[in-house]
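Raw contents of final.csv, CSV, C-alpha atoms:
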```
chain,number,residue,atom,x,y,z
A,149,MET,CA,-40.4,-44.7,15.0
A,150,PHE,CA,-39.1,-44.1,11.4
A,151,GLU,CA,-37.8,-47.1,9.5
A,152,LEU,CA,-37.0,-47.1,5.8
A,153,HIS,CA,-39.5,-49.1,3.8
A,154,ALA,CA,-38.4,-52.6,2.6
A,155,ASP,CA,-39.0,-51.6,-1.1
A,156,LEU,CA,-36.6,-48.7,-0.8
A,157,ARG,CA,-34.0,-50.8,1.0
A,158,ARG,CA,-34.2,-53.4,-1.8
A,159,ASP,CA,-34.1,-51.0,-4.8
A,160,CYS,CA,-31.7,-48.3,-3.4
A,161,PHE,CA,-28.5,-47.8,-1.5
A,162,ALA,CA,-28.0,-45.3,1.2
A,163,ILE,CA,-25.8,-42.3,0.5
A,164,GLY,CA,-26.3,-40.2,3.6
A,165,THR,CA,-28.7,-38.2,5.7
A,166,PHE,CA,-29.8,-34.6,5.4
A,167,PRO,CA,-31.3,-32.9,8.5
A,168,LEU,CA,-34.7,-34.2,7.6
A,169,CYS,CA,-34.3,-36.8,4.9
A,170,ASN,CA,-32.5,-40.0,4.2
A,171,PHE,CA,-30.7,-39.6,0.9
A,172,LEU,CA,-30.7,-42.7,-1.3
A,173,ALA,CA,-29.5,-43.6,-4.8
A,174,MET,CA,-31.7,-45.8,-6.9
A,175,ASN,CA,-29.5,-48.8,-7.9
A,176,ASP,CA,-30.0,-48.2,-11.6
A,177,ALA,CA,-27.0,-47.0,-13.6
A,178,ASN,CA,-29.3,-45.9,-16.5
A,179,PHE,CA,-30.0,-42.6,-14.7
A,180,PRO,CA,-28.5,-40.6,-11.9
A,181,TRP,CA,-31.6,-41.2,-9.8
A,182,PHE,CA,-31.9,-40.2,-6.2
A,183,ILE,CA,-34.6,-40.3,-3.5
A,184,LEU,CA,-35.2,-38.2,-0.5
A,185,VAL,CA,-37.2,-39.9,2.3
A,186,PRO,CA,-38.3,-37.7,5.2
A,187,ALA,CA,-37.4,-39.6,8.4
A,188,ARG,CA,-40.9,-39.4,9.8
A,189,HIS,CA,-43.1,-42.2,10.8
A,190,GLU,CA,-46.1,-43.1,8.7
A,191,VAL,CA,-46.3,-40.2,6.3
A,192,ARG,CA,-47.6,-40.8,2.8
A,193,GLU,CA,-48.1,-37.3,1.5
A,194,ILE,CA,-46.1,-34.1,1.7
A,195,TYR,CA,-49.0,-32.2,3.2
A,196,GLN,CA,-49.0,-34.6,6.1
A,197,LEU,CA,-45.6,-33.3,7.3
A,198,ASN,CA,-45.9,-30.4,9.7
A,199,GLU,CA,-45.0,-27.0,8.3
A,200,THR,CA,-41.4,-27.0,9.6
A,201,ASP,CA,-40.7,-30.3,8.0
A,202,GLN,CA,-42.4,-29.2,4.7
A,203,LEU,CA,-40.0,-26.2,4.6
A,204,GLN,CA,-37.0,-28.3,5.4
A,205,LEU,CA,-38.0,-30.8,2.7
A,206,LEU,CA,-38.3,-28.0,0.2
A,207,ARG,CA,-34.8,-26.7,1.2
A,208,GLU,CA,-33.2,-30.1,0.9
A,209,SER,CA,-35.0,-30.8,-2.4
A,210,SER,CA,-34.1,-27.5,-4.1
A,211,TYR,CA,-30.5,-27.7,-2.8
A,212,LEU,CA,-30.2,-31.3,-4.1
A,213,ALA,CA,-31.8,-30.5,-7.5
A,214,GLN,CA,-29.6,-27.5,-8.1
A,215,GLN,CA,-26.4,-29.2,-7.2
A,216,LEU,CA,-27.3,-32.3,-9.2
A,217,ALA,CA,-28.1,-30.1,-12.2
A,218,LEU,CA,-24.7,-28.5,-12.1
A,219,GLU,CA,-22.5,-31.5,-11.2
A,220,PHE,CA,-24.2,-33.8,-13.7
A,221,ASN,CA,-24.8,-31.2,-16.4
A,222,ALA,CA,-28.5,-32.2,-16.6
A,223,ASP,CA,-30.8,-31.2,-19.4
A,224,LYS,CA,-33.7,-31.4,-16.9
A,225,ILE,CA,-34.3,-32.5,-13.3
A,226,ASN,CA,-37.5,-34.6,-12.7
A,227,ILE,CA,-38.9,-34.3,-9.2
A,228,ALA,CA,-41.9,-36.5,-8.2
A,229,ALA,CA,-43.7,-37.8,-5.2
A,230,LEU,CA,-45.8,-40.7,-6.5
A,231,GLY,CA,-46.0,-43.6,-3.9
A,232,ASN,CA,-48.7,-45.7,-5.6
A,233,ILE,CA,-46.7,-48.9,-4.8
A,234,THR,CA,-44.4,-47.9,-1.9
A,235,PRO,CA,-46.6,-46.1,0.6
A,236,GLN,CA,-43.7,-44.4,2.6
A,237,LEU,CA,-43.3,-40.8,1.4
A,238,HIS,CA,-40.3,-40.6,-0.9
A,239,ILE,CA,-39.4,-37.9,-3.4
A,240,HIS,CA,-37.6,-38.9,-6.6
A,241,HIS,CA,-34.9,-36.5,-8.0
A,242,ILE,CA,-33.8,-37.7,-11.4
A,243,VAL,CA,-31.1,-36.2,-13.6
A,244,ARG,CA,-32.4,-36.4,-17.2
A,245,TYR,CA,-30.6,-36.1,-20.5
A,246,ARG,CA,-31.9,-35.8,-24.0
A,247,SER,CA,-29.7,-38.9,-24.7
A,248,ASP,CA,-31.0,-41.0,-21.9
A,249,PRO,CA,-32.8,-44.3,-22.6
A,250,ALA,CA,-36.3,-43.0,-21.6
A,251,TRP,CA,-36.2,-39.4,-22.8
A,252,PRO,CA,-38.6,-37.6,-23.1
A,253,LYS,CA,-40.8,-40.0,-21.2
A,254,PRO,CA,-40.8,-40.3,-17.4
A,255,VAL,CA,-38.3,-43.0,-16.2
A,256,TRP,CA,-40.8,-45.3,-14.4
A,257,GLY,CA,-41.4,-48.6,-16.1
A,258,GLN,CA,-39.4,-47.8,-19.2
A,259,GLN,CA,-36.7,-50.5,-18.8
A,260,PRO,CA,-35.3,-52.8,-16.2
A,261,ALA,CA,-32.9,-51.4,-13.7
A,262,THR,CA,-29.2,-51.9,-14.4
A,263,PRO,CA,-27.4,-52.3,-11.1
A,264,TYR,CA,-24.3,-50.2,-10.6
A,265,THR,CA,-20.9,-52.0,-10.7
A,266,VAL,CA,-18.6,-51.4,-7.8
A,267,THR,CA,-16.5,-49.0,-9.9
A,268,GLN,CA,-19.6,-47.1,-11.1
A,269,ARG,CA,-20.8,-46.8,-7.5
A,270,ALA,CA,-17.5,-45.4,-6.3
A,271,HIS,CA,-17.5,-42.9,-9.2
A,272,LEU,CA,-21.0,-41.8,-8.3
A,273,LEU,CA,-20.1,-41.3,-4.7
A,274,THR,CA,-17.1,-39.2,-5.7
A,275,ARG,CA,-19.3,-36.9,-7.7
A,276,LEU,CA,-21.9,-36.6,-4.9
A,277,ARG,CA,-19.1,-35.8,-2.4
A,278,ARG,CA,-17.9,-33.1,-4.7
A,279,CYS,CA,-21.3,-31.4,-5.2
A,280,LEU,CA,-23.2,-32.0,-1.9
A,281,THR,CA,-21.0,-30.2,0.5
A,282,ARG,CA,-23.7,-28.7,2.7
A,283,ASP,CA,-25.7,-30.5,5.5
A,284,LEU,CA,-25.3,-34.0,4.1
A,285,VAL,CA,-23.7,-36.6,6.4
A,286,PHE,CA,-22.5,-39.4,4.2
A,287,VAL,CA,-23.0,-42.9,5.5
A,288,LEU,CA,-20.9,-44.6,2.8
A,289,PRO,CA,-17.1,-44.6,3.3
B,45,MET,CA,-43.6,-11.2,-19.0
B,46,PHE,CA,-45.3,-14.5,-18.0
B,47,GLU,CA,-47.3,-16.2,-20.7
B,48,LEU,CA,-48.8,-19.7,-20.4
B,49,HIS,CA,-47.0,-22.2,-22.7
B,50,ALA,CA,-48.9,-23.2,-25.8
B,51,ASP,CA,-48.7,-26.9,-24.8
B,52,LEU,CA,-50.5,-26.2,-21.6
B,53,ARG,CA,-53.1,-24.0,-23.4
B,54,ARG,CA,-53.8,-26.9,-25.7
B,55,ASP,CA,-54.0,-29.7,-23.2
B,56,CYS,CA,-55.7,-28.0,-20.3
B,57,PHE,CA,-58.4,-25.5,-19.4
B,58,ALA,CA,-57.9,-22.7,-16.9
B,59,ILE,CA,-59.7,-23.0,-13.5
B,60,GLY,CA,-58.4,-20.0,-11.7
B,61,THR,CA,-55.4,-18.3,-10.2
B,62,PHE,CA,-53.7,-18.7,-6.8
B,63,PRO,CA,-51.4,-15.8,-5.6
B,64,LEU,CA,-48.5,-17.4,-7.4
B,65,CYS,CA,-49.8,-20.1,-9.8
B,66,ASN,CA,-52.2,-20.4,-12.6
B,67,PHE,CA,-54.4,-23.4,-11.8
B,68,LEU,CA,-55.3,-25.6,-14.7
B,69,ALA,CA,-57.2,-28.8,-15.2
B,70,MET,CA,-55.8,-31.4,-17.7
B,71,ASN,CA,-58.6,-32.0,-20.2
B,72,ASP,CA,-58.6,-35.7,-19.5
B,73,ALA,CA,-61.6,-37.1,-17.8
B,74,ASN,CA,-59.7,-40.3,-16.9
B,75,PHE,CA,-58.2,-38.7,-13.9
B,76,PRO,CA,-58.8,-35.6,-11.7
B,77,TRP,CA,-55.6,-34.1,-12.9
B,78,PHE,CA,-54.5,-30.6,-12.2
B,79,ILE,CA,-51.5,-28.4,-12.9
B,80,LEU,CA,-50.0,-25.5,-11.0
B,81,VAL,CA,-48.0,-23.1,-13.2
B,82,PRO,CA,-46.0,-20.4,-11.3
B,83,ALA,CA,-46.7,-17.1,-13.2
B,84,ARG,CA,-43.0,-16.4,-13.6
B,85,HIS,CA,-41.1,-15.7,-16.8
B,86,GLU,CA,-38.7,-18.4,-18.1
B,87,VAL,CA,-38.5,-20.7,-15.1
B,88,ARG,CA,-37.9,-24.4,-15.8
B,89,GLU,CA,-37.0,-25.7,-12.3
B,90,ILE,CA,-38.4,-25.2,-8.8
B,91,TYR,CA,-35.0,-24.1,-7.5
B,92,GLN,CA,-34.9,-21.3,-10.1
B,93,LEU,CA,-37.8,-19.6,-8.3
B,94,ASN,CA,-36.7,-17.2,-5.6
B,95,GLU,CA,-37.1,-18.3,-2.0
B,96,THR,CA,-40.4,-16.4,-1.4
B,97,ASP,CA,-41.9,-18.0,-4.5
B,98,GLN,CA,-40.7,-21.4,-3.6
B,99,LEU,CA,-42.4,-21.1,-0.2
B,100,GLN,CA,-45.6,-19.9,-1.9
B,101,LEU,CA,-45.5,-22.7,-4.4
B,102,LEU,CA,-45.2,-25.2,-1.5
B,103,ARG,CA,-48.1,-23.5,0.3
B,104,GLU,CA,-50.3,-23.7,-2.8
B,105,SER,CA,-49.3,-27.2,-3.6
B,106,SER,CA,-49.9,-28.6,-0.2
B,107,TYR,CA,-53.2,-26.8,0.2
B,108,LEU,CA,-54.3,-28.1,-3.2
B,109,ALA,CA,-53.2,-31.7,-2.6
B,110,GLN,CA,-54.9,-31.9,0.8
B,111,GLN,CA,-58.2,-30.4,-0.5
B,112,LEU,CA,-58.2,-32.7,-3.5
B,113,ALA,CA,-57.5,-35.7,-1.4
B,114,LEU,CA,-60.5,-34.9,0.8
B,115,GLU,CA,-63.0,-33.8,-1.9
B,116,PHE,CA,-62.1,-36.6,-4.3
B,117,ASN,CA,-61.6,-39.2,-1.7
B,118,ALA,CA,-58.2,-40.1,-3.2
B,119,ASP,CA,-56.2,-43.2,-2.6
B,120,LYS,CA,-53.1,-41.3,-3.4
B,121,ILE,CA,-52.0,-37.9,-4.7
B,122,ASN,CA,-49.2,-37.9,-7.3
B,123,ILE,CA,-47.2,-34.7,-7.4
B,124,ALA,CA,-44.6,-34.2,-10.1
B,125,ALA,CA,-42.4,-31.6,-11.8
B,126,LEU,CA,-41.2,-33.2,-15.0
B,127,GLY,CA,-41.1,-30.8,-17.9
B,128,ASN,CA,-39.1,-32.9,-20.4
B,129,ILE,CA,-41.4,-31.9,-23.2
B,130,THR,CA,-43.0,-28.7,-22.0
B,131,PRO,CA,-40.2,-26.5,-20.7
B,132,GLN,CA,-42.3,-24.0,-18.6
B,133,LEU,CA,-42.3,-25.0,-15.0
B,134,HIS,CA,-45.5,-26.8,-14.2
B,135,ILE,CA,-46.4,-29.1,-11.3
B,136,HIS,CA,-48.8,-32.0,-11.8
B,137,HIS,CA,-51.3,-32.8,-9.0
B,138,ILE,CA,-53.1,-36.0,-9.8
B,139,VAL,CA,-55.8,-37.7,-7.8
B,140,ARG,CA,-55.2,-41.5,-8.0
B,141,TYR,CA,-57.5,-44.4,-7.3
B,142,ARG,CA,-56.7,-48.1,-7.1
B,143,SER,CA,-59.5,-48.4,-9.6
B,144,ASP,CA,-58.2,-45.9,-12.2
B,145,PRO,CA,-57.1,-47.0,-15.6
B,146,ALA,CA,-53.3,-46.5,-15.0
B,147,TRP,CA,-53.0,-47.7,-11.4
B,148,PRO,CA,-50.4,-48.3,-10.0
B,149,LYS,CA,-48.3,-46.9,-12.8
B,150,PRO,CA,-47.8,-43.1,-13.3
B,151,VAL,CA,-50.4,-41.6,-15.6
B,152,TRP,CA,-48.1,-40.3,-18.3
B,153,GLY,CA,-48.3,-42.1,-21.6
B,154,GLN,CA,-50.7,-44.8,-20.4
B,155,GLN,CA,-53.7,-44.0,-22.6
B,156,PRO,CA,-55.0,-41.2,-24.8
B,157,ALA,CA,-56.7,-38.4,-23.0
B,158,THR,CA,-60.5,-38.4,-22.9
B,159,PRO,CA,-61.7,-34.8,-23.1
B,160,TYR,CA,-64.4,-33.8,-20.6
B,161,THR,CA,-67.9,-33.4,-21.8
B,162,VAL,CA,-69.6,-30.1,-21.0
B,163,THR,CA,-71.6,-31.8,-18.2
B,164,GLN,CA,-68.5,-33.4,-16.7
B,165,ARG,CA,-66.6,-30.1,-16.8
B,166,ALA,CA,-69.4,-28.3,-14.9
B,167,HIS,CA,-69.5,-31.1,-12.4
B,168,LEU,CA,-65.7,-30.9,-11.9
B,169,LEU,CA,-66.0,-27.1,-11.4
B,170,THR,CA,-68.7,-27.6,-8.8
B,171,ARG,CA,-66.4,-29.9,-6.8
B,172,LEU,CA,-63.4,-27.5,-7.1
B,173,ARG,CA,-65.6,-24.6,-5.9
B,174,ARG,CA,-66.6,-26.6,-2.9
B,175,CYS,CA,-63.1,-27.7,-1.8
B,176,LEU,CA,-60.9,-24.7,-2.9
B,177,THR,CA,-62.3,-22.0,-0.8
B,178,ARG,CA,-59.0,-20.2,0.1
B,179,ASP,CA,-56.9,-17.9,-2.1
B,180,LEU,CA,-58.1,-19.2,-5.4
B,181,VAL,CA,-59.8,-16.7,-7.8
B,182,PHE,CA,-61.8,-18.7,-10.3
B,183,VAL,CA,-61.7,-17.6,-13.9
B,184,LEU,CA,-64.5,-19.9,-15.1
B,185,PRO,CA,-68.1,-18.8,-14.5
```
Taking this structure as input, can you express it in the form of structure tokens?
Amino acid sequence: MFELHADLRRDCFAIGTFPLCNFLAMNDANFPWFILVPARHEVREIYQLNETDQLQLLRESSYLAQQLALEFNADKINIAALGNITPQLHIHHIVRYRSDPAWPKPVWGQQPATPYTVTQRAHLLTRLRRCLTRDLVFVLP
Amino acid sequence: MFELHADLRRDCFAIGTFPLCNFLAMNDANFPWFILVPARHEVREIYQLNETDQLQLLRESSYLAQQLALEFNADKINIAALGNITPQLHIHHIVRYRSDPAWPKPVWGQQPATPYTVTQRAHLLTRLRRCLTRDLVFVLP
């Protein structure tokens, strides 16, 4: 039975669900930083998903990355499956700008997270509703 | 016309070629650290590959990750497409151990690379020849 890992519940807020993945936003206003979590029990590595799920993950990841790049006018999208601390398989999708506070380094461990304000969160949701019009069921109002 | 980016030629050595990707080893003996580079001209993001190439990349990546995990007895495989500095699409596949010098942090920027000795490089190649028996054409003797 899939249940979202406590680390992800603590650090993120849920945006919605794709056919395979839970779609989360990292609660850090420094970066438009999103996470896909395949809703599968006890999977740590992409190769542990069955072939159908791997293809669906690829589909959701590439759709998300492309839409984020357009909507947020990204200089680069960073995609990563690390999981050294949080064992549940989760794939980071991070919009990067040459002007962001960690550029050109990876974002992990660069500075403390700055939680979104209520207004910032509403604005983020508006942008996601605009660009993610396919297959995503939003859980936030 | 695909040509391997100068940054990758400088930091890595070529191991072989999969049907889609050049397969490189990062010249840093601190980690078993490998890179897949789709042999496609001017691609920066996975979603810019056509669908056939995306599926082939997934196939090569998952095969590589699984074989590395087994052969190197990994605690975790880290997979990442960053590219903030080197624009050519390249996907890191890094064998991680709880005992490695960067654990549990990501490997980037943690410490200077330690180039392989000739003996270490030969030993690495032996292990790769043992575990990568499918689809990989080795370029090293």
Please provide the set of residues having any atom within 12 Å of Glu199 of chain A, restricted to all atoms listed in the file, with same-chain residues fewer than 3 positions apart removed, written as a list of chain:residue names.
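The residues satisfying every condition are A:Ile194, A:Tyr195, A:Gln196, A:Gln202, A:Leu203, A:Gln204, A:Leu205, A:Leu206, B:Leu99, B:Leu102, B:Arg103, B:Ser106, B:Tyr107.
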Looking at all atoms listed in the file, which of A:Ala228, A:Ala154, A:Ala213, A:Ala162 is the one that sits closest to Trp256 of chain A?
A:Ala228
Selected residue, from B:Leu52, B:Leu133, B:Val181, B:Ala157, that lies nearest to chain A when counting only C-alpha atoms:
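Of B:Leu52, B:Leu133, B:Val181, B:Ala157, the one nearest chain A, counting only C-alpha atoms, is B:Leu133.
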Show me, as an MDAnalysis selection string, the residues that have an atom within 10 Å of Pro159 of chain B when counting only C-alpha atoms, minus same-chain residues fewer than 6 positions from it.
chainID B and resid 55:56 70:74 165
Which neighbours of His134 of chain B fall inside 8 Å, counting all atoms listed in the file, when residues of the same chain fewer than 4 positions from it are skipped, and could you give them as a PDB file with C-alpha atoms, in the frame of the given file?
```
ATOM      1  CA  ILE B  79     -51.500 -28.400 -12.900  1.00  0.00           C
ATOM      2  CA  LEU B  80     -50.000 -25.500 -11.000  1.00  0.00           C
ATOM      3  CA  VAL B  81     -48.000 -23.100 -13.200  1.00  0.00           C
ATOM      4  CA  PRO B  82     -46.000 -20.400 -11.300  1.00  0.00           C
ATOM      5  CA  ALA B 125     -42.400 -31.600 -11.800  1.00  0.00           C
ATOM      6  CA  LEU B 126     -41.200 -33.200 -15.000  1.00  0.00           C
ATOM      7  CA  GLY B 127     -41.100 -30.800 -17.900  1.00  0.00           C
TER       8      GLY B 127
END
```
Give me, please, the distance in Å between atom CA of Ala69 of chain B and atom CA of Leu172 of chain B, quoted to one decimal.
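Here the two named atoms are 10.3 Å from each other.
Taking atom CA of Ala187 of chain A as the reference point, atom CA of Phe171 of chain A is found at 10.1 Å.
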Determine the nearest neighbour of chain B from the options A:Lys224, A:His189, A:Arg275, A:Arg157, counting all atoms listed in the file.
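Closest to chain B of all the choices is A:Lys224.
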Atom CA of Lys253 of chain A to atom CA of Gly153 of chain B, distance in Å rounded to a single decimal
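Separation between atom CA of Lys253 of chain A and atom CA of Gly153 of chain B: 7.8 Å.
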Output segment 158-170 of chain B with N, CA, C and O atoms present, as a PDB file, keeping the file's coordinate frame.
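Okay, this is what ended up in selection.pdb:
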```
ATOM      1  N   THR B 158     -59.116 -38.458 -22.591  1.00  0.00           N
ATOM      2  CA  THR B 158     -60.500 -38.400 -22.900  1.00  0.00           C
ATOM      3  C   THR B 158     -61.073 -37.063 -22.521  1.00  0.00           C
ATOM      4  O   THR B 158     -61.248 -36.793 -21.334  1.00  0.00           O
ATOM      5  N   PRO B 159     -61.298 -36.172 -23.489  1.00  0.00           N
ATOM      6  CA  PRO B 159     -61.700 -34.800 -23.100  1.00  0.00           C
ATOM      7  C   PRO B 159     -63.042 -34.842 -22.319  1.00  0.00           C
ATOM      8  O   PRO B 159     -63.904 -35.699 -22.540  1.00  0.00           O
ATOM      9  N   TYR B 160     -63.159 -33.913 -21.391  1.00  0.00           N
ATOM     10  CA  TYR B 160     -64.400 -33.800 -20.600  1.00  0.00           C
ATOM     11  C   TYR B 160     -65.554 -33.387 -21.493  1.00  0.00           C
ATOM     12  O   TYR B 160     -65.391 -32.575 -22.421  1.00  0.00           O
ATOM     13  N   THR B 161     -66.723 -33.905 -21.187  1.00  0.00           N
ATOM     14  CA  THR B 161     -67.900 -33.400 -21.800  1.00  0.00           C
ATOM     15  C   THR B 161     -68.288 -32.054 -21.058  1.00  0.00           C
ATOM     16  O   THR B 161     -67.729 -31.766 -19.990  1.00  0.00           O
ATOM     17  N   VAL B 162     -69.206 -31.309 -21.621  1.00  0.00           N
ATOM     18  CA  VAL B 162     -69.600 -30.100 -21.000  1.00  0.00           C
ATOM     19  C   VAL B 162     -70.189 -30.335 -19.585  1.00  0.00           C
ATOM     20  O   VAL B 162     -69.897 -29.630 -18.613  1.00  0.00           O
ATOM     21  N   THR B 163     -70.968 -31.397 -19.468  1.00  0.00           N
ATOM     22  CA  THR B 163     -71.600 -31.800 -18.200  1.00  0.00           C
ATOM     23  C   THR B 163     -70.486 -32.152 -17.168  1.00  0.00           C
ATOM     24  O   THR B 163     -70.521 -31.734 -16.007  1.00  0.00           O
ATOM     25  N   GLN B 164     -69.542 -32.968 -17.623  1.00  0.00           N
ATOM     26  CA  GLN B 164     -68.500 -33.400 -16.700  1.00  0.00           C
ATOM     27  C   GLN B 164     -67.643 -32.188 -16.239  1.00  0.00           C
ATOM     28  O   GLN B 164     -67.228 -32.117 -15.089  1.00  0.00           O
ATOM     29  N   ARG B 165     -67.410 -31.280 -17.157  1.00  0.00           N
ATOM     30  CA  ARG B 165     -66.600 -30.100 -16.800  1.00  0.00           C
ATOM     31  C   ARG B 165     -67.343 -29.262 -15.754  1.00  0.00           C
ATOM     32  O   ARG B 165     -66.737 -28.778 -14.796  1.00  0.00           O
ATOM     33  N   ALA B 166     -68.648 -29.108 -15.917  1.00  0.00           N
ATOM     34  CA  ALA B 166     -69.400 -28.300 -14.900  1.00  0.00           C
ATOM     35  C   ALA B 166     -69.422 -29.020 -13.578  1.00  0.00           C
ATOM     36  O   ALA B 166     -69.311 -28.368 -12.531  1.00  0.00           O
ATOM     37  N   HIS B 167     -69.510 -30.336 -13.599  1.00  0.00           N
ATOM     38  CA  HIS B 167     -69.500 -31.100 -12.400  1.00  0.00           C
ATOM     39  C   HIS B 167     -68.126 -30.963 -11.653  1.00  0.00           C
ATOM     40  O   HIS B 167     -68.049 -30.772 -10.427  1.00  0.00           O
ATOM     41  N   LEU B 168     -67.066 -31.031 -12.449  1.00  0.00           N
ATOM     42  CA  LEU B 168     -65.700 -30.900 -11.900  1.00  0.00           C
ATOM     43  C   LEU B 168     -65.589 -29.495 -11.223  1.00  0.00           C
ATOM     44  O   LEU B 168     -65.078 -29.361 -10.105  1.00  0.00           O
ATOM     45  N   LEU B 169     -66.065 -28.477 -11.930  1.00  0.00           N
ATOM     46  CA  LEU B 169     -66.000 -27.100 -11.400  1.00  0.00           C
ATOM     47  C   LEU B 169     -66.728 -26.962 -10.101  1.00  0.00           C
ATOM     48  O   LEU B 169     -66.270 -26.293  -9.173  1.00  0.00           O
ATOM     49  N   THR B 170     -67.874 -27.603 -10.016  1.00  0.00           N
ATOM     50  CA  THR B 170     -68.700 -27.600  -8.800  1.00  0.00           C
ATOM     51  C   THR B 170     -67.853 -28.147  -7.614  1.00  0.00           C
ATOM     52  O   THR B 170     -67.831 -27.589  -6.513  1.00  0.00           O
TER      53      THR B 170
END
```
